[in-house]
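For reference, target.cif is printed below; it contains mmCIF, C-alpha atoms.
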```cif
data_final
loop_
_atom_site.group_PDB
_atom_site.id
_atom_site.type_symbol
_atom_site.label_atom_id
_atom_site.label_comp_id
_atom_site.auth_asym_id
_atom_site.auth_seq_id
_atom_site.Cartn_x
_atom_site.Cartn_y
_atom_site.Cartn_z
ATOM 1 C CA MET J 8 17.085 -28.734 -57.814
ATOM 2 C CA ASN J 9 13.853 -30.377 -58.947
ATOM 3 C CA LEU J 10 12.829 -28.725 -62.203
ATOM 4 C CA MET J 11 9.218 -29.825 -61.756
ATOM 5 C CA LYS J 12 8.665 -27.601 -58.738
ATOM 6 C CA SER J 13 8.740 -24.608 -61.085
ATOM 7 C CA ALA J 14 7.443 -26.252 -64.259
ATOM 8 C CA ILE J 15 4.042 -25.567 -65.716
ATOM 9 C CA PHE J 16 2.486 -28.369 -67.723
ATOM 10 C CA ALA J 17 -0.831 -29.258 -69.269
ATOM 11 C CA ALA J 18 -2.322 -32.732 -69.308
ATOM 12 C CA ILE J 19 -4.476 -33.141 -72.404
ATOM 13 C CA ASP J 20 -6.892 -35.704 -73.775
ATOM 14 C CA PHE J 21 -8.765 -35.913 -77.068
ATOM 15 C CA GLU J 22 -11.696 -38.112 -78.009
ATOM 16 C CA THR J 23 -12.227 -38.751 -81.714
ATOM 17 C CA ALA J 24 -15.359 -39.464 -83.722
ATOM 18 C CA ASP J 25 -13.908 -41.657 -86.463
ATOM 19 C CA TYR J 26 -10.645 -43.120 -87.730
ATOM 20 C CA GLY J 27 -9.415 -39.745 -89.032
ATOM 21 C CA ARG J 28 -7.064 -38.062 -86.603
ATOM 22 C CA ASP J 29 -8.707 -34.723 -87.453
ATOM 23 C CA SER J 30 -12.045 -35.941 -86.026
ATOM 24 C CA ALA J 31 -11.657 -34.630 -82.481
ATOM 25 C CA CYS J 32 -15.100 -34.433 -80.884
ATOM 26 C CA ALA J 33 -13.920 -33.543 -77.357
ATOM 27 C CA VAL J 34 -10.805 -32.121 -75.735
ATOM 28 C CA ALA J 35 -9.859 -31.483 -72.136
ATOM 29 C CA ALA J 36 -6.775 -29.851 -70.674
ATOM 30 C CA VAL J 37 -5.672 -29.575 -67.054
ATOM 31 C CA VAL J 38 -2.970 -27.005 -66.331
ATOM 32 C CA VAL J 39 -0.624 -27.703 -63.425
ATOM 33 C CA ASN J 40 1.756 -25.100 -62.020
ATOM 34 C CA GLY J 41 4.403 -26.841 -59.945
ATOM 35 C CA THR J 42 2.251 -29.191 -57.900
ATOM 36 C CA THR J 43 -1.029 -27.254 -58.056
ATOM 37 C CA ILE J 44 -3.841 -27.813 -60.535
ATOM 38 C CA GLU J 45 -4.600 -24.256 -61.632
ATOM 39 C CA ARG J 46 -7.321 -24.589 -64.234
ATOM 40 C CA LYS J 47 -9.286 -27.010 -66.359
ATOM 41 C CA LEU J 48 -10.752 -26.743 -69.823
ATOM 42 C CA PHE J 49 -13.284 -28.924 -71.631
ATOM 43 C CA HIS J 50 -14.865 -28.516 -75.053
ATOM 44 C CA LEU J 51 -17.094 -30.620 -77.219
ATOM 45 C CA ILE J 52 -16.001 -30.136 -80.832
ATOM 46 C CA LYS J 53 -17.886 -30.481 -84.098
ATOM 47 C CA PRO J 54 -15.661 -32.768 -86.185
ATOM 48 C CA PRO J 55 -15.337 -32.296 -89.961
ATOM 49 C CA ARG J 56 -17.527 -35.352 -90.660
ATOM 50 C CA ARG J 57 -20.859 -36.534 -89.238
ATOM 51 C CA ASN J 58 -19.656 -40.141 -89.093
ATOM 52 C CA PHE J 59 -19.280 -41.342 -85.485
ATOM 53 C CA VAL J 60 -17.529 -44.695 -85.161
ATOM 54 C CA PHE J 61 -16.428 -44.468 -81.522
ATOM 55 C CA THR J 62 -19.670 -43.474 -79.763
ATOM 56 C CA TYR J 63 -19.644 -46.896 -78.088
ATOM 57 C CA ILE J 64 -16.371 -45.888 -76.384
ATOM 58 C CA HIS J 65 -16.984 -42.289 -75.278
ATOM 59 C CA GLY J 66 -20.747 -41.851 -75.620
ATOM 60 C CA ILE J 67 -20.496 -38.743 -77.816
ATOM 61 C CA GLU J 68 -22.856 -38.610 -80.784
ATOM 62 C CA TRP J 69 -23.339 -36.155 -83.644
ATOM 63 C CA ARG J 70 -26.380 -34.682 -81.881
ATOM 64 C CA HIS J 71 -24.092 -33.671 -78.958
ATOM 65 C CA VAL J 72 -21.705 -31.711 -81.200
ATOM 66 C CA GLU J 73 -23.651 -30.539 -84.262
ATOM 67 C CA GLN J 74 -24.188 -27.083 -82.703
ATOM 68 C CA LYS J 75 -20.684 -26.888 -81.174
ATOM 69 C CA PRO J 76 -17.780 -25.035 -82.771
ATOM 70 C CA ALA J 77 -15.308 -26.812 -85.007
ATOM 71 C CA PHE J 78 -11.703 -27.135 -83.843
ATOM 72 C CA ASP J 79 -10.762 -23.670 -85.116
ATOM 73 C CA GLY J 80 -13.593 -22.257 -82.981
ATOM 74 C CA ILE J 81 -12.166 -23.648 -79.728
ATOM 75 C CA TRP J 82 -8.492 -23.223 -80.649
ATOM 76 C CA ASP J 83 -8.006 -19.789 -79.062
ATOM 77 C CA ASP J 84 -9.291 -21.068 -75.716
ATOM 78 C CA LEU J 85 -7.211 -24.262 -75.914
ATOM 79 C CA HIS J 86 -4.125 -22.356 -77.032
ATOM 80 C CA ASP J 87 -4.545 -19.877 -74.155
ATOM 81 C CA HIS J 88 -4.416 -22.870 -71.791
ATOM 82 C CA ILE J 89 -1.479 -24.702 -73.324
ATOM 83 C CA GLY J 90 0.425 -21.684 -74.672
ATOM 84 C CA PRO J 91 2.406 -20.845 -71.531
ATOM 85 C CA VAL J 92 3.165 -24.452 -70.476
ATOM 86 C CA ASP J 93 6.615 -26.014 -70.556
ATOM 87 C CA PHE J 94 5.305 -29.325 -71.913
ATOM 88 C CA ILE J 95 2.124 -31.297 -72.543
ATOM 89 C CA ALA J 96 1.448 -34.616 -70.815
ATOM 90 C CA ALA J 97 -0.827 -37.224 -72.376
ATOM 91 C CA HIS J 98 -1.431 -40.914 -71.897
ATOM 92 C CA ASN J 99 -0.211 -42.469 -75.149
ATOM 93 C CA ALA J 100 1.072 -39.048 -76.176
ATOM 94 C CA SER J 101 1.709 -40.076 -79.777
ATOM 95 C CA PHE J 102 -2.081 -40.370 -80.260
ATOM 96 C CA ASP J 103 -2.984 -37.012 -78.704
ATOM 97 C CA ARG J 104 -0.106 -35.248 -80.476
ATOM 98 C CA SER J 105 -1.251 -36.696 -83.814
ATOM 99 C CA VAL J 106 -4.858 -35.611 -83.176
ATOM 100 C CA MET J 107 -3.734 -32.081 -82.323
ATOM 101 C CA ARG J 108 -1.459 -32.002 -85.385
ATOM 102 C CA ALA J 109 -4.237 -33.245 -87.716
ATOM 103 C CA CYS J 110 -6.843 -30.866 -86.284
ATOM 104 C CA CYS J 111 -4.434 -27.944 -86.616
ATOM 105 C CA ALA J 112 -3.624 -28.940 -90.213
ATOM 106 C CA THR J 113 -7.313 -29.298 -91.153
ATOM 107 C CA SER J 114 -7.991 -25.889 -89.589
ATOM 108 C CA ASN J 115 -4.913 -24.208 -91.133
ATOM 109 C CA ILE J 116 -3.509 -23.507 -87.669
ATOM 110 C CA ALA J 117 0.191 -23.770 -86.881
ATOM 111 C CA MET J 118 0.851 -26.676 -84.529
ATOM 112 C CA PRO J 119 2.441 -25.290 -81.354
ATOM 113 C CA ALA J 120 6.043 -26.322 -80.804
ATOM 114 C CA LYS J 121 5.465 -28.107 -77.519
ATOM 115 C CA LYS J 122 7.304 -31.074 -76.100
ATOM 116 C CA PHE J 123 5.218 -34.005 -74.909
ATOM 117 C CA LEU J 124 5.498 -36.351 -71.959
ATOM 118 C CA CYS J 125 3.888 -39.766 -72.357
ATOM 119 C CA THR J 126 2.468 -40.954 -69.028
ATOM 120 C CA MET J 127 2.037 -44.442 -70.471
ATOM 121 C CA LYS J 128 5.805 -44.744 -71.061
ATOM 122 C CA MET J 129 6.508 -43.046 -67.733
ATOM 123 C CA ALA J 130 4.280 -45.538 -65.865
ATOM 124 C CA ARG J 131 6.147 -48.443 -67.466
ATOM 125 C CA LYS J 132 9.545 -47.071 -66.453
ATOM 126 C CA ILE J 133 8.757 -45.780 -62.961
ATOM 127 C CA TRP J 134 6.306 -48.374 -61.669
ATOM 128 C CA ALA J 135 6.767 -51.242 -64.174
ATOM 129 C CA ILE J 136 3.006 -51.258 -64.774
ATOM 130 C CA ARG J 137 1.816 -53.612 -67.499
ATOM 131 C CA PRO J 138 -0.546 -53.376 -69.270
ATOM 132 C CA THR J 139 -0.426 -49.600 -69.360
ATOM 133 C CA LYS J 140 -3.837 -48.528 -70.584
ATOM 134 C CA LEU J 141 -4.953 -45.449 -68.660
ATOM 135 C CA SER J 142 -7.496 -47.504 -66.746
ATOM 136 C CA ASP J 143 -4.788 -50.005 -65.710
ATOM 137 C CA VAL J 144 -2.424 -47.278 -64.509
ATOM 138 C CA CYS J 145 -5.191 -45.516 -62.575
ATOM 139 C CA THR J 146 -6.251 -48.790 -60.947
ATOM 140 C CA GLN J 147 -2.663 -49.546 -59.931
ATOM 141 C CA LEU J 148 -2.117 -46.014 -58.552
ATOM 142 C CA ARG J 149 -5.637 -45.836 -57.060
ATOM 143 C CA LEU J 150 -6.549 -42.722 -59.027
ATOM 144 C CA PRO J 151 -10.182 -41.980 -59.890
ATOM 145 C CA LEU J 152 -11.111 -42.328 -63.543
ATOM 146 C CA GLN J 153 -14.203 -42.248 -65.694
ATOM 147 C CA HIS J 154 -12.374 -43.664 -68.708
ATOM 148 C CA HIS J 155 -12.929 -42.086 -72.141
ATOM 149 C CA ASP J 156 -14.428 -38.967 -70.597
ATOM 150 C CA ALA J 157 -11.898 -36.399 -71.828
ATOM 151 C CA ALA J 158 -12.075 -34.298 -68.637
ATOM 152 C CA SER J 159 -11.553 -37.323 -66.405
ATOM 153 C CA ASP J 160 -8.776 -38.726 -68.617
ATOM 154 C CA ALA J 161 -6.880 -35.406 -68.659
ATOM 155 C CA LEU J 162 -7.199 -35.055 -64.878
ATOM 156 C CA ALA J 163 -5.995 -38.632 -64.379
ATOM 157 C CA CYS J 164 -3.012 -37.942 -66.613
ATOM 158 C CA ALA J 165 -2.142 -34.842 -64.572
ATOM 159 C CA ASN J 166 -2.459 -36.895 -61.398
ATOM 160 C CA ILE J 167 -0.095 -39.555 -62.760
ATOM 161 C CA VAL J 168 2.567 -36.880 -63.273
ATOM 162 C CA LEU J 169 1.868 -35.452 -59.809
ATOM 163 C CA ARG J 170 2.121 -38.936 -58.246
ATOM 164 C CA ALA J 171 5.518 -39.419 -59.883
ATOM 165 C CA MET J 172 6.620 -36.100 -58.396
ATOM 166 C CA ASP J 173 5.287 -37.071 -54.945
ATOM 167 C CA GLU J 174 7.424 -40.202 -55.131
ATOM 168 C CA GLY J 175 10.547 -38.184 -55.910
ATOM 169 C CA PHE J 176 10.728 -38.660 -59.673
ATOM 170 C CA ASP J 177 11.350 -35.707 -61.950
ATOM 171 C CA PRO J 178 9.016 -36.310 -64.909
ATOM 172 C CA VAL J 179 10.921 -33.724 -66.963
ATOM 173 C CA GLN J 180 13.332 -36.562 -67.748
ATOM 174 C CA PHE J 181 10.469 -38.260 -69.630
ATOM 175 C CA VAL J 182 9.682 -35.258 -71.837
ATOM 176 C CA ASP J 183 10.484 -35.985 -75.488
ATOM 177 C CA GLN J 184 13.003 -33.913 -77.352
ATOM 178 C CA LYS J 185 10.848 -33.393 -80.476
#
```
Starting from the coordinates I provided, produce the structure as structure tokens.
Amino acid sequence: MNLMKSAIFAAIDFETADYGRDSACAVAAVVVNGTTIERKLFHLIKPPRRNFVFTYIHGIEWRHVEQKPAFDGIWDDLHDHIGPVDFIAAHNASFDRSVMRACCATSNIAMPAKKFLCTMKMARKIWAIRPTKLSDVCTQLRLPLQHHDAASDALACANIVLRAMDEGFDPVQFVDQK
């Protein structure tokens, strides 16, 4: 039996403002139930500092987020999306997990005990794709991507997992045991 047919997962992507992992300035999550994308979430986030180092990558500036809620102000909505999922998928999952962990810590929120699937590692093992930046994987798999747009990145990540399923792979085997 393919466990993925009944699994619910969320693909997530964070964009950060500076070198601090607690500086999330955008988050997107795409929830997939079995093989169906059920819902999408996107929030701009006011990071704890006004310093934006990575605007040249994602285009987000302080003026875009200064009136937005901080991480603790979007947490309930994000948690409602990822709360019922079996695991969270992210491209370079160690980064997104560390951003979520740091934002939760800064906001005095308990980090949810969720397992993560890294689509970067999965792409290396299943399709032997190298290099494995999200843009490289999407090019190889012919998936649309507006790179470093959190909503597009999260959707692409979900589609990578779905592509693996379409090709007969059970991505649950790539979920970490942490």
Discussion item. Neighbouring residues of range 85-95 of chain J were defined as those with any atom within 8 Å, considering only C-alpha atoms; residues of the same chain fewer than 6 positions away were excluded. Please report them as a PyMOL selection string.
Written reply: chain J and resi 14-19+36+38+48+119+121-124+182
Hey, what comes out of the PyMOL selection byres ((chain J and resi 125-129) around 12) on this file? Could you write it as an NGL selection string? :J and (17-20 or 94-104 or 122-124 or 130-145 or 160-161 or 163-172 or 176-184)
Judged by only C-alpha atoms, the minimum distance to Cys32 in chain J among J:Arg149, J:His50, J:His154, J:Arg108 is found for J:His50
In Å and to one decimal, CA of Ile116 in chain J is distant from CA of Asp83 in chain J by 10.4 Å
With distances taken over all atoms listed in the file, which residue among J:Ala33, J:Ile64, J:Ala109, J:Val39 lies nearest Ser13 in chain J?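 For Ser13 in chain J, the nearest of the given residues is J:Val39.
We find CA of Ala31 in chain J and CA of Ile44 in chain J to be spaced 24.3 Å apart.
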Enumerate, as a list in words, the residues matched when the PyMOL selection byres ((chain J and resi 27) around 10) is run on the file above.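 When the PyMOL selection byres ((chain J and resi 27) around 10) is applied to the shown file, the picked residues are Thr23, Ala24, Asp25, Tyr26, Arg28, Asp29, Ser30, Ala31, Pro54, Pro55, Arg56, Val106, Ala109 and Cys110 of chain J.
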For range 106-118 of chain J, take all atoms listed in the file, fit an axis-aligned box around them, add 5 Å to each of the six sides, then output centre and edge lengths in Å rounded to one decimal, as lines of an AutoDock Vina configuration file.
```
center_x = -3.6
center_y = -29.6
center_z = -86.7
size_x = 18.8
size_y = 22.1
size_z = 18.8
```
Q.
Here is a test: counting all atoms listed in the file, which residue of J:Leu150, J:Phe49, J:Asn40, J:Trp82 is nearest to Met118 in chain J?
A.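 The answer is J:Trp82, which sits nearest to Met118 in chain J.
Atom pair CA of Lys53 in chain J / CA of Glu22 in chain J has a distance of 11.6 Å (rounded to one decimal).
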**OP:** Between J:Phe78, J:Phe21, J:Val37, J:Gly175, single out the one closest to Leu162 in chain J, counting only C-alpha atoms.
**Re:**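 Residue with the minimum atom-to-atom distance to Leu162 in chain J: J:Val37.
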Worksheet item: Which of these residues is nearest to Met107 in chain J, using only C-alpha atoms: J:Ile67, J:Asp84, J:Leu148, J:Val34?
Response: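 Ranked by minimum distance to Met107 in chain J, first place goes to J:Val34.
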